[in-house]
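Asker: Contents of protein36.cif (mmCIF, C-alpha atoms):
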data_upload
loop_
_atom_site.label_atom_id
_atom_site.label_comp_id
_atom_site.auth_asym_id
_atom_site.auth_seq_id
_atom_site.Cartn_x
_atom_site.Cartn_y
_atom_site.Cartn_z
CA MET A 1 42.65 -180.06 100.54
CA THR A 2 39.38 -180.77 98.80
CA GLY A 3 39.09 -183.76 96.50
CA TYR A 4 36.77 -186.45 95.19
CA ALA A 5 37.24 -189.89 93.70
CA LYS A 6 35.04 -192.86 92.90
CA VAL A 7 35.98 -196.38 91.81
CA GLU A 8 33.74 -199.33 91.00
CA LYS A 9 34.95 -202.89 90.48
CA VAL A 10 33.15 -206.13 89.72
CA SER A 11 34.13 -209.72 90.49
CA GLU A 12 32.23 -212.97 90.01
CA LYS A 13 30.56 -212.57 93.40
CA PHE A 14 30.57 -208.86 94.22
CA LYS A 15 30.09 -205.42 92.78
CA VAL A 16 31.76 -202.86 95.02
CA SER A 17 31.86 -199.10 94.61
CA CYS A 18 33.81 -196.69 96.81
CA GLU A 19 33.44 -192.92 97.02
CA ILE A 20 35.84 -190.70 98.95
CA LYS A 21 35.64 -186.94 99.29
CA THR A 22 37.84 -184.66 101.35
CA LEU A 23 37.26 -181.17 102.72
CA ASN A 24 39.58 -178.68 104.39
CA SER A 25 40.30 -179.07 108.09
CA LYS A 26 43.13 -178.27 110.49
CA GLY A 27 43.43 -181.91 111.59
CA LEU A 28 42.38 -185.28 110.20
CA ASP A 29 38.80 -186.44 110.69
CA VAL A 30 37.65 -189.65 109.02
CA PHE A 31 34.02 -190.62 108.53
CA VAL A 32 33.32 -194.13 107.23
CA GLY A 33 30.06 -195.54 105.91
CA VAL A 34 30.04 -199.28 105.17
CA PRO A 35 27.41 -202.08 105.17
CA TYR A 36 26.80 -203.63 108.58
CA TYR A 37 28.57 -206.88 107.67
CA LEU A 38 31.82 -204.93 107.14
CA SER A 39 31.53 -202.83 110.30
CA SER A 40 34.36 -204.83 111.88
CA LYS A 41 36.68 -203.39 109.21
CA GLU A 42 36.07 -199.72 110.00
CA ILE A 43 39.22 -199.42 112.13
CA LYS A 44 41.30 -200.86 109.29
CA ILE A 45 39.71 -198.44 106.83
CA ASN A 46 40.53 -195.52 109.14
CA ARG A 47 44.16 -196.64 109.27
CA ILE A 48 44.35 -197.05 105.49
CA ILE A 49 43.08 -193.50 105.01
CA ALA A 50 45.35 -192.05 107.74
CA ASN A 51 48.38 -193.58 106.01
CA ARG A 52 47.65 -191.60 102.86
CA ILE A 53 45.91 -188.44 104.06
CA LYS A 54 47.33 -186.38 106.92
CA ARG A 55 44.96 -183.44 107.04
CA GLY A 56 41.34 -182.71 106.21
CA LYS A 57 37.90 -184.22 106.64
CA ALA A 58 37.65 -187.49 104.71
CA TYR A 59 34.29 -189.10 103.96
CA LEU A 60 34.27 -192.68 102.66
CA ARG A 61 31.19 -194.56 101.51
CA LEU A 62 31.33 -198.21 100.44
CA ASN A 63 28.45 -199.82 98.56
CA VAL A 64 28.26 -203.59 98.00
CA LYS A 65 26.04 -205.62 95.71
CA PHE A 66 26.09 -209.41 95.81
CA LEU A 67 26.00 -211.08 92.41
CA THR A 68 25.31 -214.57 93.76
CA PRO A 69 22.48 -215.66 96.11
CA VAL A 70 23.05 -215.21 99.85
CA ASP A 71 21.26 -216.67 102.84
CA LEU A 72 18.89 -214.31 104.62
CA ASN A 73 17.81 -214.12 108.22
CA ILE A 74 14.31 -212.68 108.67
CA ASP A 75 13.42 -211.07 111.96
CA TYR A 76 9.81 -212.27 112.14
CA VAL A 77 9.15 -210.59 115.48
CA MET A 78 10.21 -207.20 114.15
CA ALA A 79 8.32 -207.80 110.90
CA LYS A 80 5.16 -208.58 112.87
CA SER A 81 5.62 -205.45 115.00
CA TYR A 82 5.99 -203.27 111.91
CA PHE A 83 2.99 -204.90 110.25
CA GLU A 84 0.74 -204.44 113.28
CA SER A 85 1.84 -200.81 113.67
CA LEU A 86 1.15 -200.11 110.02
CA GLU A 87 -2.21 -201.85 110.22
CA SER A 88 -3.17 -199.73 113.23
CA LEU A 89 -2.07 -196.59 111.38
CA ARG A 90 -4.13 -197.62 108.33
CA GLU A 91 -7.25 -198.09 110.45
CA GLN A 92 -6.78 -194.82 112.35
CA LEU A 93 -6.37 -192.84 109.13
CA GLY A 94 -9.18 -194.67 107.35
CA ILE A 95 -6.94 -195.93 104.53
CA GLN A 96 -8.83 -198.50 102.45
CA ASN A 97 -5.87 -200.19 100.79
CA LEU A 98 -4.81 -203.41 102.48
CA LEU A 99 -1.23 -203.93 103.56
CA SER A 100 1.05 -206.37 101.74
CA VAL A 101 4.47 -207.89 102.26
CA GLY A 102 5.84 -205.28 99.89
CA ASP A 103 5.01 -202.60 102.43
CA LEU A 104 7.54 -204.15 104.80
CA LEU A 105 10.42 -204.16 102.33
CA ILE A 106 11.39 -200.59 103.19
CA PHE A 107 12.37 -201.73 106.70
CA LYS A 108 15.78 -203.14 105.91
CA GLU A 109 16.52 -204.18 109.47
CA ILE A 110 13.96 -206.97 109.09
CA PHE A 111 16.16 -208.73 106.54
CA ARG A 112 19.74 -209.58 107.38
CA GLY A 113 22.23 -211.53 105.31
CA ASP A 114 23.68 -214.58 107.00
CA PHE A 115 27.36 -214.23 106.11
CA SER A 116 30.05 -216.62 107.22
CA ASP A 117 33.46 -215.34 108.27
CA GLU A 118 34.91 -216.72 105.05
CA VAL A 119 32.49 -214.71 102.92
CA VAL A 120 33.14 -211.54 104.92
CA GLU A 121 36.92 -211.94 104.56
CA GLU A 122 36.61 -212.63 100.83
CA LEU A 123 34.44 -209.54 100.42
CA TRP A 124 36.81 -207.46 102.51
CA GLU A 125 39.84 -208.49 100.47
CA PHE A 126 38.05 -207.37 97.31
CA SER A 127 36.70 -204.20 98.93
CA GLU A 128 40.12 -203.25 100.26
CA SER A 129 41.52 -203.24 96.74
CA VAL A 130 38.69 -200.93 95.66
CA ILE A 131 39.38 -198.58 98.59
CA LEU A 132 43.11 -198.47 97.78
CA ASP A 133 42.43 -197.70 94.11
CA THR A 134 40.02 -194.93 95.12
CA LEU A 135 42.55 -193.42 97.50
CA LYS A 136 45.23 -193.50 94.80
CA ARG A 137 42.93 -191.67 92.40
CA LEU A 138 42.04 -189.17 95.13
CA VAL A 139 45.69 -188.49 95.97
CA ASP A 140 46.50 -188.02 92.28
CA GLU A 141 43.71 -185.47 91.96
CA ARG A 142 44.85 -183.66 95.10
CA GLU A 143 48.41 -183.53 93.75
CA LYS A 144 47.20 -181.91 90.52
CA GLU A 145 45.31 -179.34 92.55
CA GLY A 146 48.39 -178.86 94.71
CA GLN A 147 50.55 -178.02 91.68
CA LYS A 148 48.14 -175.24 90.72
CA LEU A 149 48.03 -174.03 94.31
CA PHE A 150 51.84 -173.95 94.48
CA VAL A 151 51.96 -171.28 91.76
CA GLU A 152 49.53 -169.06 93.70
CA LEU A 153 51.32 -169.52 97.02
CA ASN A 154 54.74 -168.86 95.54
CA ASP A 155 53.47 -165.68 93.89
CA MET A 156 52.15 -164.42 97.25
CA ILE A 157 55.41 -165.20 99.02
CA GLN A 158 57.45 -163.41 96.35
CA LYS A 159 55.24 -160.33 96.65
CA MET A 160 55.74 -160.29 100.42
CA LYS A 161 59.50 -160.64 99.98
CA GLU A 162 59.48 -157.59 97.71
CA ILE A 163 57.45 -155.69 100.30
CA VAL A 164 59.89 -156.61 103.08
CA GLU A 165 62.83 -155.45 100.94
CA SER A 166 61.06 -152.14 100.37
CA ILE A 167 60.44 -151.76 104.11
CA SER A 168 64.07 -152.66 104.78
CA SER A 169 65.29 -149.94 102.38
CA LEU A 170 63.04 -147.36 104.00
CA SER A 171 64.15 -148.35 107.51
CA PHE A 172 67.62 -146.89 106.83
CA LYS A 173 66.00 -143.48 106.32
CA LEU A 174 63.98 -143.82 109.51
CA LYS A 175 66.34 -141.98 111.86
CA GLY A 176 66.63 -139.05 109.47
CA GLU A 177 62.86 -138.85 109.09
CA ILE A 178 62.38 -138.89 112.85
CA ALA A 179 64.97 -136.12 113.28
CA LYS A 180 63.28 -134.04 110.60
CA LYS A 181 59.83 -134.38 112.20
CA ILE A 182 61.11 -133.59 115.69
CA ARG A 183 62.93 -130.50 114.41
CA GLU A 184 59.82 -129.31 112.59
CA ASN A 185 57.66 -129.83 115.68
CA VAL A 186 60.14 -128.03 117.94
CA GLU A 187 60.44 -125.09 115.58
CA GLU A 188 56.67 -124.71 115.61
CA ILE A 189 56.54 -124.64 119.42
CA LEU A 190 59.67 -122.68 120.46
CA PRO A 191 60.09 -118.94 119.91
CA GLU A 192 62.31 -118.02 116.97
CA LYS A 193 65.21 -116.71 119.11
CA VAL A 194 65.47 -119.82 121.29
CA GLU A 195 68.29 -122.08 120.18
CA LEU A 196 67.87 -125.84 120.14
CA ASP A 197 70.11 -127.85 122.47
CA VAL A 198 71.90 -130.19 120.08
CA ASN A 199 72.72 -132.84 122.69
CA GLN A 200 69.16 -133.03 123.98
CA PHE A 201 67.87 -133.08 120.42
CA GLU A 202 70.12 -136.00 119.43
CA THR A 203 69.17 -137.88 122.61
CA ALA A 204 65.46 -137.48 121.84
CA VAL A 205 65.98 -138.64 118.27
CA ALA A 206 67.98 -141.67 119.46
CA LEU A 207 65.29 -142.68 121.99
CA ILE A 208 62.45 -142.44 119.48
CA ALA A 209 64.49 -144.14 116.77
CA ASP A 210 65.28 -146.99 119.13
CA LYS A 211 61.57 -147.54 119.85
CA ALA A 212 60.84 -147.39 116.12
CA ASP A 213 63.65 -149.78 115.19
CA ILE A 214 62.19 -152.60 113.04
CA ARG A 215 65.39 -154.39 112.01
CA GLU A 216 64.60 -157.46 114.13
CA GLU A 217 61.10 -157.72 112.66
CA ILE A 218 62.52 -157.43 109.14
CA ALA A 219 65.09 -160.14 109.83
CA ARG A 220 62.44 -162.50 111.20
CA LEU A 221 60.13 -161.80 108.26
CA LYS A 222 62.89 -162.65 105.79
CA SER A 223 63.57 -165.88 107.68
CA HIS A 224 59.88 -166.85 107.80
CA LEU A 225 59.35 -166.14 104.10
CA THR A 226 62.41 -168.17 103.13
CA ARG A 227 61.11 -171.06 105.23
CA LEU A 228 57.68 -170.74 103.59
CA GLU A 229 59.35 -171.05 100.19
CA GLU A 230 61.12 -174.23 101.29
CA LEU A 231 57.95 -175.78 102.72
CA ILE A 232 55.72 -175.27 99.67
CA ARG A 233 58.34 -177.13 97.63
CA SER A 234 58.40 -180.05 100.07
CA ASP A 235 56.82 -183.42 99.31
CA GLU A 236 56.04 -183.98 103.00
CA PRO A 237 52.82 -182.95 104.80
CA VAL A 238 53.51 -179.33 105.80
CA GLY A 239 50.05 -177.76 106.16
CA THR A 240 50.21 -177.35 109.93
CA LEU A 241 53.66 -175.76 109.84
CA LEU A 242 52.64 -173.44 107.01
CA ASN A 243 49.66 -172.32 109.04
CA PHE A 244 51.92 -171.59 112.03
CA LEU A 245 54.37 -169.56 109.93
CA THR A 246 51.61 -167.41 108.42
CA GLN A 247 50.60 -166.54 111.99
CA GLU A 248 54.20 -165.50 112.73
CA VAL A 249 54.35 -163.38 109.57
CA HIS A 250 51.09 -161.72 110.62
CA ARG A 251 52.59 -160.94 114.04
CA GLU A 252 55.73 -159.35 112.54
CA PHE A 253 53.75 -157.11 110.17
CA ASN A 254 51.55 -156.04 113.10
CA THR A 255 54.62 -155.12 115.15
CA ILE A 256 56.02 -153.08 112.27
CA LEU A 257 52.70 -151.25 112.00
CA SER A 258 52.72 -150.45 115.71
CA LYS A 259 56.28 -149.07 115.50
CA SER A 260 55.97 -147.33 112.17
CA ARG A 261 56.87 -143.64 112.04
CA MET A 262 56.77 -143.42 108.23
CA LEU A 263 53.65 -143.48 106.07
CA GLU A 264 55.45 -145.46 103.34
CA ILE A 265 56.38 -148.22 105.81
CA THR A 266 52.82 -148.30 107.14
CA ASN A 267 51.41 -148.71 103.64
CA TYR A 268 53.84 -151.49 102.78
CA ALA A 269 53.14 -153.31 106.05
CA LEU A 270 49.39 -153.12 105.46
CA GLU A 271 49.82 -154.54 101.96
CA GLY A 272 52.02 -157.35 103.31
CA LYS A 273 49.48 -158.14 106.01
CA TYR A 274 46.70 -158.34 103.40
CA ILE A 275 48.68 -160.69 101.14
CA ASN A 276 49.57 -162.85 104.14
CA SER A 277 45.86 -163.15 105.04
CA GLN A 278 45.25 -164.49 101.52
CA LEU A 279 48.14 -166.90 101.94
CA LYS A 280 46.80 -168.09 105.29
CA GLU A 281 43.41 -168.80 103.70
CA GLN A 282 44.99 -170.86 100.91
CA VAL A 283 47.24 -172.73 103.35
CA GLN A 284 44.11 -174.35 104.80
CA ASN A 285 43.94 -176.32 101.53
CA ILE A 286 47.36 -177.88 102.03
CA GLU A 287 47.99 -181.21 103.68
#
When written as structure tokens, how does the structure in this file appear?
Answerer:
Amino acid sequence: MTGYAKVEKVSEKFKVSCEIKTLNSKGLDVFVGVPYYLSSKEIKINRIIANRIKRGKAYLRLNVKFLTPVDLNIDYVMAKSYFESLESLREQLGIQNLLSVGDLLIFKEIFRGDFSDEVVEELWEFSESVILDTLKRLVDEREKEGQKLFVELNDMIQKMKEIVESISSLSFKLKGEIAKKIRENVEEILPEKVELDVNQFETAVALIADKADIREEIARLKSHLTRLEELIRSDEPVGTLLNFLTQEVHREFNTILSKSRMLEITNYALEGKYINSQLKEQVQNIE
């Protein structure tokens, strides 16, 4: 399910902001962007997110600003290399302006903070609280979206249940319709004086009706739709199971279409298949 949240908190020493956005995905993929001095905490951040989000692509970005002075390590060798390269480029291009220290400031890898383990742990403790607050806000937003989505999903399921009931009602007329069509076809082919063998006629009707029997498909559809109703009301992560059930519903409607000997049943099955495709698309938004 898509979502976005941002939280910013300030302490005496740090200003930390956290942004998290989520996109639809069949599984869980986490992408974390943190300053280099917190890179050792990426595994913990992944676990924190996985404990609260079970499905989707989650992107987290953590920005840190120090409010008190910190010690810096300057990579003089790298700075010299950059300066000499820039100077060579200036000469080759005939640029008249002289280089300054300011021209090196864009190369962030030259300057590295010298952080003790104590400072890193203190920063992490504060940052973790920001991440947790952001995740809580994200989950709240996703729940609000989920409540709106529930109404749409439930409406689709109810429509499919009505369609299945209509198909079920028509299925009881199926044998009679098959007999009627066979009789009409036979009467068109045979001469008028030739009598129809009743036993052979009934056997033919029974064989065709057996192949066109859709009672099992109807029973499975009813079971699947009832289960879908239960799942969309659940508080547990059910996205994967919902996706599986929509595939099963699709399969049952396809089977009914392949067996159908009545135009009305065909039309209902096509409508059910279309609604299920919409449901399947929306299910991708559910965790």
Asker: Mind checking which residues fall within 6 Å of Val7 in chain A, counting only C-alpha atoms, ignoring those fewer than 6 positions away in the same chain, and posting them as a PyMOL selection string?
Answerer: chain A and resi 17-18+134
Asker: Using all atoms listed in the file, which residue out of A:Thr240, A:Thr255, A:Val16, A:Thr246 lies closest to Glu216 in chain A?
Answerer: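 Of the candidates, the smallest distance to Glu216 in chain A is held by A:Thr255.
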Asker: So, counting only C-alpha atoms, which residue among A:Leu62, A:Leu23, A:Ile163, A:Leu279 is closest to Phe126 in chain A?
Answerer: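 Of A:Leu62, A:Leu23, A:Ile163, A:Leu279, the one nearest Phe126 in chain A is A:Leu62, counting only C-alpha atoms.
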Asker: Please list, as a count of residues only, the residues that have an atom at most 6 Å away from (53.8, -174.7, 97.2) in the coordinates of this file, counting only C-alpha atoms.
Answerer: 4
Asker: Near range 265-269 of chain A, counting only C-alpha atoms, which residues have an atom at most 8 Å away, once you skip same-chain residues fewer than 3 positions from it, shown as a list in words?
Answerer: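 Everything that qualifies: Ile163, Val164, Ser166, Ile167, Leu170, Ser171, Phe253, Asn254, Ile256, Leu257, Ser260, Arg261, Met262, Gly272 and Lys273 of chain A.
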Asker: Ranking A:Glu229, A:Asp71, A:Glu128, A:Glu152 by minimum distance to Asp114 in chain A and counting all atoms listed in the file, which one comes first?
Answerer: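 Of the candidates, the smallest distance to Asp114 in chain A is held by A:Asp71.
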Asker: For the structure shown, which residues end up in the PyMOL selection byres ((chain A and resi 72-79) around 7)? Put them as a PDB file with C-alpha atoms, keeping the file's coordinate frame, please?
Answerer:
ATOM      1  CA  VAL A  70      23.050-215.210  99.850  1.00  0.00           C
ATOM      2  CA  ASP A  71      21.260-216.670 102.840  1.00  0.00           C
ATOM      3  CA  LYS A  80       5.160-208.580 112.870  1.00  0.00           C
ATOM      4  CA  SER A  81       5.620-205.450 115.000  1.00  0.00           C
ATOM      5  CA  TYR A  82       5.990-203.270 111.910  1.00  0.00           C
ATOM      6  CA  PHE A  83       2.990-204.900 110.250  1.00  0.00           C
ATOM      7  CA  ILE A 110      13.960-206.970 109.090  1.00  0.00           C
ATOM      8  CA  PHE A 111      16.160-208.730 106.540  1.00  0.00           C
ATOM      9  CA  ARG A 112      19.740-209.580 107.380  1.00  0.00           C
ATOM     10  CA  GLY A 113      22.230-211.530 105.310  1.00  0.00           C
ATOM     11  CA  ASP A 114      23.680-214.580 107.000  1.00  0.00           C
TER      12      ASP A 114
END
Asker: Please, what distance in Å, to one decimal, runs between CA of Asp29 in chain A and CA of Leu228 in chain A?
Answerer: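 It comes out at 25.6 Å.
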Asker: When distances are computed from all atoms listed in the file, which of A:Val283, A:Leu28, A:Val34, A:Ile157 shows the smallest separation from Leu221 in chain A?
Answerer: A:Ile157
Asker: Tell me which of A:Leu123, A:Val130, A:Ile106, A:Val139 sits closest to Lys21 in chain A, counting only C-alpha atoms.
Answerer: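 Looking only at the distances to Lys21 in chain A, the closest residue turns out to be A:Val139.
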Asker: Report, in Å with one decimal, the straight-line distance from CA of Glu236 in chain A to CA of Asp155 in chain A.
Answerer: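 Computed distance, CA of Glu236 in chain A to CA of Asp155 in chain A, equals 20.6 Å.
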Asker: Could you tell me how far CA of Ala5 in chain A lies from CA of Leu135 in chain A, in Å and to one decimal?
Answerer: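 Interatomic distance here is 7.4 Å.
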Asker: So which one's closest to Thr2 in chain A, A:Ile48, A:Lys144, A:Pro69, A:Glu162? Using only C-alpha atoms, please.
Answerer: A:Lys144
Asker: Excluding Lys44 in chain A and residues on its chain fewer than 4 positions from it, collect all residues at most 12 Å away from it, counting only C-alpha atoms, and give them as a PDB file with C-alpha atoms, keeping the file's coordinate frame.
Answerer:
ATOM      1  CA  VAL A  30      37.650-189.650 109.020  1.00  0.00           C
ATOM      2  CA  VAL A  32      33.320-194.130 107.230  1.00  0.00           C
ATOM      3  CA  LEU A  38      31.820-204.930 107.140  1.00  0.00           C
ATOM      4  CA  SER A  39      31.530-202.830 110.300  1.00  0.00           C
ATOM      5  CA  SER A  40      34.360-204.830 111.880  1.00  0.00           C
ATOM      6  CA  ILE A  48      44.350-197.050 105.490  1.00  0.00           C
ATOM      7  CA  ILE A  49      43.080-193.500 105.010  1.00  0.00           C
ATOM      8  CA  ALA A  50      45.350-192.050 107.740  1.00  0.00           C
ATOM      9  CA  ASN A  51      48.380-193.580 106.010  1.00  0.00           C
ATOM     10  CA  TRP A 124      36.810-207.460 102.510  1.00  0.00           C
ATOM     11  CA  GLU A 125      39.840-208.490 100.470  1.00  0.00           C
ATOM     12  CA  SER A 127      36.700-204.200  98.930  1.00  0.00           C
ATOM     13  CA  GLU A 128      40.120-203.250 100.260  1.00  0.00           C
ATOM     14  CA  ILE A 131      39.380-198.580  98.590  1.00  0.00           C
ATOM     15  CA  LEU A 132      43.110-198.470  97.780  1.00  0.00           C
TER      16      LEU A 132
END
Asker: Take the PyMOL selection byres ((chain A and resi 11) around 10), run it mentally on this structure, and tell me the resulting residues as a count of residues only.
Answerer: 11
Asker: Excluding Arg220 in chain A and its own-chain neighbours fewer than 2 positions away, which residues fall within 12 Å of it when counting only C-alpha atoms? Please give them as a ChimeraX atom specification.
Answerer: /A:161,164,168,214-218,222-227,245,248-253,255-256
Asker: Store the residues picked out above, limited to C-alpha atoms, as a tab-separated table (two decimals), in the frame of the given file.
Answerer:
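Written output follows (result_33.tsv):
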chain	number	residue	atom	x	y	z
A	161	LYS	CA	59.50	-160.64	99.98
A	164	VAL	CA	59.89	-156.61	103.08
A	168	SER	CA	64.07	-152.66	104.78
A	214	ILE	CA	62.19	-152.60	113.04
A	215	ARG	CA	65.39	-154.39	112.01
A	216	GLU	CA	64.60	-157.46	114.13
A	217	GLU	CA	61.10	-157.72	112.66
A	218	ILE	CA	62.52	-157.43	109.14
A	222	LYS	CA	62.89	-162.65	105.79
A	223	SER	CA	63.57	-165.88	107.68
A	224	HIS	CA	59.88	-166.85	107.80
A	225	LEU	CA	59.35	-166.14	104.10
A	226	THR	CA	62.41	-168.17	103.13
A	227	ARG	CA	61.11	-171.06	105.23
A	245	LEU	CA	54.37	-169.56	109.93
A	248	GLU	CA	54.20	-165.50	112.73
A	249	VAL	CA	54.35	-163.38	109.57
A	250	HIS	CA	51.09	-161.72	110.62
A	251	ARG	CA	52.59	-160.94	114.04
A	252	GLU	CA	55.73	-159.35	112.54
A	253	PHE	CA	53.75	-157.11	110.17
A	255	THR	CA	54.62	-155.12	115.15
A	256	ILE	CA	56.02	-153.08	112.27
Asker: Output the residue selection produced by the PyMOL selection byres ((chain A and resi 3) around 10) on the file above, formatted as an MDAnalysis selection string.
Answerer: chainID A and resid 1:2 4:5 20:24 58 137:143 145
Asker: Determine, counting only C-alpha atoms, which protein, DNA and RNA residues have an atom within 12 Å of an atom of Leu99 in chain A; residues of the same chain fewer than 6 positions away are not included. Present the result as an mmCIF file with C-alpha atoms, in the frame of the given file.
Answerer:
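Result saved to out_8.cif:
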data_model
loop_
_atom_site.group_PDB
_atom_site.id
_atom_site.type_symbol
_atom_site.label_atom_id
_atom_site.label_comp_id
_atom_site.auth_asym_id
_atom_site.auth_seq_id
_atom_site.Cartn_x
_atom_site.Cartn_y
_atom_site.Cartn_z
ATOM 1 C CA TYR A 82 5.990 -203.270 111.910
ATOM 2 C CA PHE A 83 2.990 -204.900 110.250
ATOM 3 C CA GLU A 84 0.740 -204.440 113.280
ATOM 4 C CA SER A 85 1.840 -200.810 113.670
ATOM 5 C CA LEU A 86 1.150 -200.110 110.020
ATOM 6 C CA GLU A 87 -2.210 -201.850 110.220
ATOM 7 C CA SER A 88 -3.170 -199.730 113.230
ATOM 8 C CA LEU A 89 -2.070 -196.590 111.380
ATOM 9 C CA ARG A 90 -4.130 -197.620 108.330
ATOM 10 C CA GLU A 91 -7.250 -198.090 110.450
ATOM 11 C CA LEU A 105 10.420 -204.160 102.330
#
